[in-house]
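The block underneath contains the structure these notes are about, expressed in structure tokens.
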Amino acid sequence: MNLTISGHHLEVTPALRGYVIQKLDRIMRHFDQVVDVRVLLSVEKQKEKEGRQRAECNIHVKGSDLFAESAHQDLYAAVDELVDKLDRQVVRHKDRLQDHQRQARIAALSKKGQSEAGRLRFRRFFMAGFLYYESN
């Protein structure tokens, strides 16, 4: 996984970098096919204090690109909110991949099962403590 953390109007300190990496590990636990992660942390020059600290992230995973952004008064809170959004997106993407593959596998098995359903018969019997299956 390639990880790029950059700051705009902000110096990315080692503590901030470590916090972002620690939070992004949660995404890696849910989906291990992450190729590239780009995080942009910025401070906007707004008069109001609310939503001044921004965090944006682009994640390139196998088969898709995911993007999320968040803004908050505190940069650490913005990173927390950002990772929550990304985590939901990654889990949804993973579920879609697994569901699609599962449906294709079930369709293939049902086709195969329908064509062989008339030919296979199973008998079950016990012999000396073992369970044997015999097909005709």
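By order of appearance in the structure tokens: chains A, B, ..., then residues from 1 within every chain, and ligands from 1 in the order shown.
For A:Glu11, the set of protein, DNA and RNA residues having any atom at most 12 Å away, when counting only C-alpha atoms and skipping those fewer than 3 positions along the same chain, is A:Ile5, A:Ser6, A:Gly7, A:His8, A:Pro14, A:Ala15, A:Leu16, A:Arg17, A:Leu40, A:Leu41, A:Ser42, A:Val43.
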> Got a sec to tell me which of stretch 51-109 of chain A DSSP assigns to alpha helix (DSSP H), as number ranges by chain?
Replying inline: A: 75-109
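Residue nearest A:Asp36 within the list A:Leu24, A:Ala68, A:Met1, A:Leu82: A:Met1 [criterion: smallest interatomic distance, only C-alpha atoms].
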> If we count only C-alpha atoms, what is near A:Leu86 at a cut-off of 9 Å, once residues fewer than 6 positions away on the same chain are taken out, given as a list in words?
Replying inline: Ile27, Cys57, Ile59, Leu66, Phe67, Ala68 and Glu69 of chain A
Include C-alpha atoms and write out the residues we just selected as a PDB file, in the first residue's frame.
ATOM      1  CA  ILE A  27      -9.587   0.257   6.772  1.00  0.00           C
ATOM      2  CA  CYS A  57      -8.745  11.135   1.239  1.00  0.00           C
ATOM      3  CA  ILE A  59      -8.295   5.475  -1.835  1.00  0.00           C
ATOM      4  CA  LEU A  66     -13.156   5.852  -3.104  1.00  0.00           C
ATOM      5  CA  PHE A  67     -13.219   9.484  -1.968  1.00  0.00           C
ATOM      6  CA  ALA A  68     -14.286  11.130   1.270  1.00  0.00           C
ATOM      7  CA  GLU A  69     -13.851  14.503   2.895  1.00  0.00           C
TER       8      GLU A  69
END
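The two atoms in question, atom CA of A:Gln53 and atom CA of A:Val83, are spaced 14.9 Å apart.
Of the residues under consideration (A:Arg38, A:Arg54, A:Arg105, A:Lys23), A:Arg54 shows the shortest atom-to-atom contact distance to A:Leu75 when counting only C-alpha atoms.
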> Between A:Ile106, A:Leu97, A:Val90, A:Ala78, which has the minimum distance to A:Tyr19 (counting only C-alpha atoms)?
Replying inline: A:Ala78
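Take atom CA of A:Val91 and atom CA of A:Leu109: the distance between them is 26.6 Å.
Residues in contact range of A:Lys94, defined as at most 12 Å between only C-alpha atoms, with sequence neighbours fewer than 2 positions away removed, read Ile27, Met28, Arg29, His30, Phe31, Asp32, Gln33, Val34, Val61, Lys62, Gly63, Ser64, Asp87, Arg88, Gln89, Val90, Val91, Arg92, Arg96, Leu97, Gln98, Asp99, His100 and Gln101 of chain A.
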May I have the selected residues written with N, CA and C atoms, as a short mmCIF file (atom, residue, chain, number, x, y, z; two decimals), in the first residue's frame?
data_model
loop_
_atom_site.label_atom_id
_atom_site.label_comp_id
_atom_site.auth_asym_id
_atom_site.auth_seq_id
_atom_site.Cartn_x
_atom_site.Cartn_y
_atom_site.Cartn_z
N ILE A 27 -9.14 0.55 8.14
CA ILE A 27 -9.59 0.26 6.77
C ILE A 27 -8.85 -0.97 6.23
N MET A 28 -7.57 -1.07 6.55
CA MET A 28 -6.79 -2.23 6.10
C MET A 28 -7.28 -3.53 6.74
N ARG A 29 -7.83 -3.46 7.95
CA ARG A 29 -8.36 -4.66 8.58
C ARG A 29 -9.60 -5.16 7.86
N HIS A 30 -10.39 -4.23 7.30
CA HIS A 30 -11.63 -4.63 6.62
C HIS A 30 -11.40 -5.07 5.18
N PHE A 31 -10.39 -4.49 4.54
CA PHE A 31 -10.20 -4.78 3.11
C PHE A 31 -8.71 -4.71 2.82
N ASP A 32 -8.11 -5.83 2.46
CA ASP A 32 -6.66 -5.87 2.30
C ASP A 32 -6.18 -5.58 0.87
N GLN A 33 -7.08 -5.28 -0.04
CA GLN A 33 -6.69 -5.03 -1.43
C GLN A 33 -6.61 -3.52 -1.73
N VAL A 34 -6.13 -2.74 -0.77
CA VAL A 34 -5.95 -1.31 -0.96
C VAL A 34 -4.62 -1.10 -1.67
N VAL A 61 -8.68 1.18 -4.53
CA VAL A 61 -8.76 -0.23 -4.18
C VAL A 61 -8.93 -1.02 -5.47
N LYS A 62 -8.78 -2.31 -5.35
CA LYS A 62 -8.91 -3.16 -6.53
C LYS A 62 -10.34 -3.06 -7.05
N GLY A 63 -10.49 -2.44 -8.21
CA GLY A 63 -11.79 -2.35 -8.85
C GLY A 63 -12.49 -1.02 -8.70
N SER A 64 -11.98 -0.10 -7.88
CA SER A 64 -12.71 1.15 -7.66
C SER A 64 -11.82 2.20 -7.01
N ASP A 87 -14.50 4.01 6.01
CA ASP A 87 -14.73 2.65 6.48
C ASP A 87 -16.07 2.13 5.98
N ARG A 88 -17.10 2.96 6.04
CA ARG A 88 -18.41 2.55 5.52
C ARG A 88 -18.34 2.27 4.03
N GLN A 89 -17.61 3.11 3.29
CA GLN A 89 -17.50 2.90 1.85
C GLN A 89 -16.74 1.61 1.52
N VAL A 90 -15.66 1.36 2.25
CA VAL A 90 -14.86 0.17 2.00
C VAL A 90 -15.65 -1.10 2.32
N VAL A 91 -16.38 -1.09 3.43
CA VAL A 91 -17.19 -2.27 3.79
C VAL A 91 -18.27 -2.51 2.75
N ARG A 92 -18.91 -1.43 2.29
CA ARG A 92 -19.94 -1.57 1.26
C ARG A 92 -19.34 -2.10 -0.04
N ARG A 96 -20.25 -5.71 -1.83
CA ARG A 96 -20.67 -5.81 -3.23
C ARG A 96 -19.83 -6.83 -3.98
N LEU A 97 -18.52 -6.80 -3.76
CA LEU A 97 -17.65 -7.77 -4.43
C LEU A 97 -17.99 -9.19 -4.01
N GLN A 98 -18.13 -9.41 -2.72
CA GLN A 98 -18.41 -10.76 -2.23
C GLN A 98 -19.79 -11.23 -2.67
N ASP A 99 -20.78 -10.36 -2.64
CA ASP A 99 -22.13 -10.73 -3.04
C ASP A 99 -22.17 -11.08 -4.52
N HIS A 100 -21.48 -10.30 -5.34
CA HIS A 100 -21.45 -10.56 -6.78
C HIS A 100 -20.79 -11.91 -7.06
N GLN A 101 -19.67 -12.18 -6.41
CA GLN A 101 -18.98 -13.44 -6.63
C GLN A 101 -19.82 -14.61 -6.11
#
